[in-house]
Amino acid sequence: MQRDSINAQDVAVAAQEEQTPVKGWSRQDTTWMLSLFGTAVGAGILFLPINAGMGGFWPLVLMAIIIGPMTYLAHRGLSRFVCSSKNPGSDITQVVEEHFGVSAGKAITVLYFFAIFPIVLIYGVGITNTVDSFIVNQLGFASPPRIILSAVLIIGMMSVMVAGEKFMLKVTQFLVYPLVAILAFMSFYLIPDWKLDALQVVPSAGEFLGTVWLTIPVLVFAFNHSPAISQFSVSLKREHGDNAAKKADVILRNTSMMLVGFVMLFVFSCVLSLSPEQLAEAKSENLAILSYLANVHSSGFVSYFGPIIAFIAIISSFFGHYLGATEGLKGMITKQLRSSNKEVSDAKLNKFILGFMFFSIWIVAVINPSILGMIEALGGPIIAAILYLMPMYAVHKVPALKAYRGRISNVFVVIAGLLAMTAILFGLMS
C-alpha cells in the first residue's frame, strides 16, 4: 500500500513538471547549448560526410530529415531519466542504481563507459592525424615523431579537463563561436565546387534503404552529445529543482536544431564538392574530411582553415566525451570497491583515472587504428543501447517517469535505436 502511494506521488510530481512554465532563456542556457553542440559537432563534421556521402545524395536527404527528431528525442529521454532521481546530485551511474538496483546499476555503468570510452580514443587518433597532416601538407615540414606529437596534444586537451568544469565550459564556449562562424562560411565557400550530377543518380529502393540503415550508426555517433547529458542534467537539477527536466527539453531542442542546421549544411556541401572516389580515399587514409579537403583543394582558405576547424572541433568534442568516460569509469570502480566493503579515496581514484585515460588514449593514438571502423563496430551500436533504448525502458519501468508513457515519440526512439544496433549485422550479411 505504501509502495502504491509512493508511485502515485512520483507520477503526480512528473505531471506537475509538465505543467510548470519554464523560466526564460538565460546566459547559462546558452553556455550549455554551446557546450552540448561542441560535444557533438566534432564527429559530425569530421567523419559523417565520408560515410554518409559514399552512399549518394538522395539517401543523405532522408538522413537529414530523420536525424533531427532522433537526436532531440533520444537526448531528451536520457536527460529526463537523470532528472528523475530523488537525489539532486546523482549522476547517471547513480540514477541507474537507484532505479534498477545494484547489479543492473553495475552492468549499465560498464556499458555506459564502453559507449563513450572508444570515442575518446577516436579523438586521440583524430587530433594526432589532423595536426600531423597540417604540419606535412600545409606547413611543409617533416612529420614529427608520432609518439611525441600525440603525447603533447593529449596532455594539452586533458589539462583543460583537470582545471575543472567551469573552466572547461568557458574554453568550449570560446572555441564554439569561431567554429560555428568558420563552419558556416566553409559550407557556403564550397558551393561553387558542387557537382550537381550527383542529384541524377537515384539508387534502387533496396540500395537506398540499405545505405540509410548502414549509415544510422554513424549518424547516431555524429550527433551524439550524451556524454555531457549527465552533468548537464545534474547542473540543471541544482539550479531548477523539479523543473529541471522541462528546462532541459528547451535547451536540448535548440541544441538539436543548431546541430542539424550547421552540420547537415556542411555535410551536403562536402558531399557535393567531392566525388565518391575521393570520399573513399579519405576513408582509406584515415583522415577527417576537413584535412582531406585541405590536401586536395586549390584554395588557400580551405588548405589552412580546414585543419584549424578540425582541430577546434576535435578539442570541443573531446571535452564532453572525456567528462562522460571519466564519470563512467569512476562509477564502475566506486561500485566495485563499495561491494567489496573497501573505502574509496577520491584523491587516489582521480589520479588513477587520470593516468589510465592518458596512457590508453596515447597508446591508441600511436597505433592509429581505423577511425570509421571503430565508429561502425563500437560507437554507434553501444551508444544506441544507452541513449535510445535504456531511457525508453526506464519510462516503462520507473514510476517517476510514468507520465511520459504511451507516446508515439517513444516508439520512434526505440525503432531508431534498434536500427542502429542491428545495422552492423546487416552490413555483415550484405
# chains A, B, ... in the order shown; residues from 1 in each chain; ligands from 1
>>> residues_around(residues="stretch 277-288 of chain A", least_positions_apart="5", cutoff="8 Å", atoms="only C-alpha atoms", output="ChimeraX atom specification")
/A:46-47,50-51,53-54,126,129-130,310,370-372
>>> residues_around(residues="A:Arg238", least_positions_apart="2", cutoff="12 Å", atoms="only C-alpha atoms", output="short mmCIF file (atom, residue, chain, number, x, y, z; two decimals) with N, CA and C atoms, in the first residue's frame")
data_model
loop_
_atom_site.label_atom_id
_atom_site.label_comp_id
_atom_site.auth_asym_id
_atom_site.auth_seq_id
_atom_site.Cartn_x
_atom_site.Cartn_y
_atom_site.Cartn_z
N CYS A 83 17.19 13.29 -14.58
CA CYS A 83 16.43 14.25 -13.74
C CYS A 83 15.40 13.56 -12.86
N ASN A 87 17.51 12.22 -5.63
CA ASN A 87 18.70 12.87 -5.08
C ASN A 87 19.24 13.88 -6.08
N PRO A 88 19.24 15.17 -5.75
CA PRO A 88 19.61 16.22 -6.71
C PRO A 88 21.00 16.07 -7.32
N GLY A 89 21.97 15.53 -6.58
CA GLY A 89 23.35 15.46 -7.08
C GLY A 89 23.70 14.17 -7.79
N SER A 90 22.73 13.30 -8.06
CA SER A 90 23.02 11.99 -8.65
C SER A 90 23.33 12.08 -10.13
N ASP A 91 24.48 11.49 -10.54
CA ASP A 91 24.78 11.42 -11.97
C ASP A 91 24.15 10.16 -12.54
N GLN A 231 26.08 15.35 -16.59
CA GLN A 231 26.49 16.53 -15.83
C GLN A 231 25.61 17.74 -16.16
N PHE A 232 25.15 17.83 -17.40
CA PHE A 232 24.20 18.87 -17.81
C PHE A 232 22.92 18.78 -16.98
N SER A 233 22.38 17.58 -16.84
CA SER A 233 21.14 17.38 -16.09
C SER A 233 21.34 17.62 -14.60
N VAL A 234 22.48 17.17 -14.08
CA VAL A 234 22.80 17.41 -12.66
C VAL A 234 22.87 18.91 -12.38
N SER A 235 23.50 19.64 -13.28
CA SER A 235 23.62 21.10 -13.13
C SER A 235 22.24 21.76 -13.14
N LEU A 236 21.36 21.31 -14.05
CA LEU A 236 20.01 21.88 -14.11
C LEU A 236 19.19 21.53 -12.88
N HIS A 240 17.37 24.37 -11.09
CA HIS A 240 15.93 24.48 -11.35
C HIS A 240 15.09 23.49 -10.55
N GLY A 241 15.71 22.60 -9.82
CA GLY A 241 14.95 21.66 -8.98
C GLY A 241 14.02 20.78 -9.79
N ASP A 242 12.74 20.71 -9.39
CA ASP A 242 11.77 19.83 -10.05
C ASP A 242 11.47 20.24 -11.49
N ASN A 243 11.81 21.46 -11.84
CA ASN A 243 11.56 21.94 -13.20
C ASN A 243 12.73 21.70 -14.14
N ALA A 244 13.73 20.93 -13.68
CA ALA A 244 14.96 20.72 -14.46
C ALA A 244 14.69 20.01 -15.79
N ALA A 245 13.82 19.00 -15.77
CA ALA A 245 13.56 18.23 -17.00
C ALA A 245 12.96 19.10 -18.09
#
>>> closest_residue(among="A:Ala184, A:Ile154, A:Leu293, A:Ala107", to="A:Leu121", atoms="only C-alpha atoms")
A:Ile154
>>> atom_distance(atom1="atom CA of A:His99", atom2="atom CA of A:Ala74")
18.9 Å
>>> closest_residue(among="A:Ile363, A:Val344, A:Ile308, A:Ile386", to="A:Phe134", atoms="only C-alpha atoms")
A:Ile308
>>> decode(residues="stretch 176-232 of chain A", atoms="C-alpha atoms", output="PDB file, in the first residue's frame")
ATOM      1  CA  VAL A 176      32.486  27.057 -30.426  1.00  0.00           C
ATOM      2  CA  TYR A 177      31.747  30.629 -31.554  1.00  0.00           C
ATOM      3  CA  PRO A 178      34.570  30.763 -34.140  1.00  0.00           C
ATOM      4  CA  LEU A 179      33.866  27.117 -35.021  1.00  0.00           C
ATOM      5  CA  VAL A 180      30.252  27.918 -35.933  1.00  0.00           C
ATOM      6  CA  ALA A 181      31.235  31.020 -37.911  1.00  0.00           C
ATOM      7  CA  ILE A 182      34.024  29.369 -39.929  1.00  0.00           C
ATOM      8  CA  LEU A 183      31.978  26.200 -40.419  1.00  0.00           C
ATOM      9  CA  ALA A 184      29.080  28.164 -41.923  1.00  0.00           C
ATOM     10  CA  PHE A 185      31.459  30.156 -44.130  1.00  0.00           C
ATOM     11  CA  MET A 186      33.208  26.967 -45.301  1.00  0.00           C
ATOM     12  CA  SER A 187      29.845  25.380 -46.206  1.00  0.00           C
ATOM     13  CA  PHE A 188      28.950  28.320 -48.456  1.00  0.00           C
ATOM     14  CA  TYR A 189      32.506  28.677 -49.754  1.00  0.00           C
ATOM     15  CA  LEU A 190      32.371  25.165 -51.241  1.00  0.00           C
ATOM     16  CA  ILE A 191      29.142  25.831 -53.175  1.00  0.00           C
ATOM     17  CA  PRO A 192      30.898  26.795 -56.467  1.00  0.00           C
ATOM     18  CA  ASP A 193      32.583  23.347 -56.412  1.00  0.00           C
ATOM     19  CA  TRP A 194      29.305  21.422 -56.149  1.00  0.00           C
ATOM     20  CA  LYS A 195      28.906  18.645 -58.699  1.00  0.00           C
ATOM     21  CA  LEU A 196      25.129  18.576 -59.236  1.00  0.00           C
ATOM     22  CA  ASP A 197      25.285  15.461 -61.405  1.00  0.00           C
ATOM     23  CA  ALA A 198      25.098  13.537 -58.104  1.00  0.00           C
ATOM     24  CA  LEU A 199      21.412  14.521 -57.955  1.00  0.00           C
ATOM     25  CA  GLN A 200      20.742  12.498 -61.115  1.00  0.00           C
ATOM     26  CA  VAL A 201      21.972   9.237 -59.537  1.00  0.00           C
ATOM     27  CA  VAL A 202      18.921   7.604 -57.964  1.00  0.00           C
ATOM     28  CA  PRO A 203      19.581   4.213 -56.288  1.00  0.00           C
ATOM     29  CA  SER A 204      17.048   1.398 -56.215  1.00  0.00           C
ATOM     30  CA  ALA A 205      14.712   1.165 -53.219  1.00  0.00           C
ATOM     31  CA  GLY A 206      16.755  -1.688 -51.725  1.00  0.00           C
ATOM     32  CA  GLU A 207      20.071   0.139 -52.123  1.00  0.00           C
ATOM     33  CA  PHE A 208      18.505   3.357 -50.832  1.00  0.00           C
ATOM     34  CA  LEU A 209      17.154   1.828 -47.606  1.00  0.00           C
ATOM     35  CA  GLY A 210      20.262  -0.310 -47.139  1.00  0.00           C
ATOM     36  CA  THR A 211      22.503   2.752 -47.370  1.00  0.00           C
ATOM     37  CA  VAL A 212      20.402   4.628 -44.809  1.00  0.00           C
ATOM     38  CA  TRP A 213      20.357   1.622 -42.458  1.00  0.00           C
ATOM     39  CA  LEU A 214      24.121   1.136 -42.640  1.00  0.00           C
ATOM     40  CA  THR A 215      24.732   4.843 -42.042  1.00  0.00           C
ATOM     41  CA  ILE A 216      22.435   5.171 -38.997  1.00  0.00           C
ATOM     42  CA  PRO A 217      25.186   4.119 -36.509  1.00  0.00           C
ATOM     43  CA  VAL A 218      27.445   6.864 -37.893  1.00  0.00           C
ATOM     44  CA  LEU A 219      24.525   9.329 -37.704  1.00  0.00           C
ATOM     45  CA  VAL A 220      23.915   8.359 -34.079  1.00  0.00           C
ATOM     46  CA  PHE A 221      27.607   8.817 -33.341  1.00  0.00           C
ATOM     47  CA  ALA A 222      27.905  12.066 -35.287  1.00  0.00           C
ATOM     48  CA  PHE A 223      25.089  13.850 -33.426  1.00  0.00           C
ATOM     49  CA  ASN A 224      25.719  12.235 -30.064  1.00  0.00           C
ATOM     50  CA  HIS A 225      26.198  14.536 -27.064  1.00  0.00           C
ATOM     51  CA  SER A 226      25.047  12.030 -24.445  1.00  0.00           C
ATOM     52  CA  PRO A 227      28.401  12.011 -22.575  1.00  0.00           C
ATOM     53  CA  ALA A 228      27.683  15.569 -21.397  1.00  0.00           C
ATOM     54  CA  ILE A 229      23.967  14.952 -20.674  1.00  0.00           C
ATOM     55  CA  SER A 230      24.542  13.546 -17.190  1.00  0.00           C
ATOM     56  CA  GLN A 231      26.485  16.531 -15.828  1.00  0.00           C
ATOM     57  CA  PHE A 232      24.204  18.870 -17.810  1.00  0.00           C
TER      58      PHE A 232
END
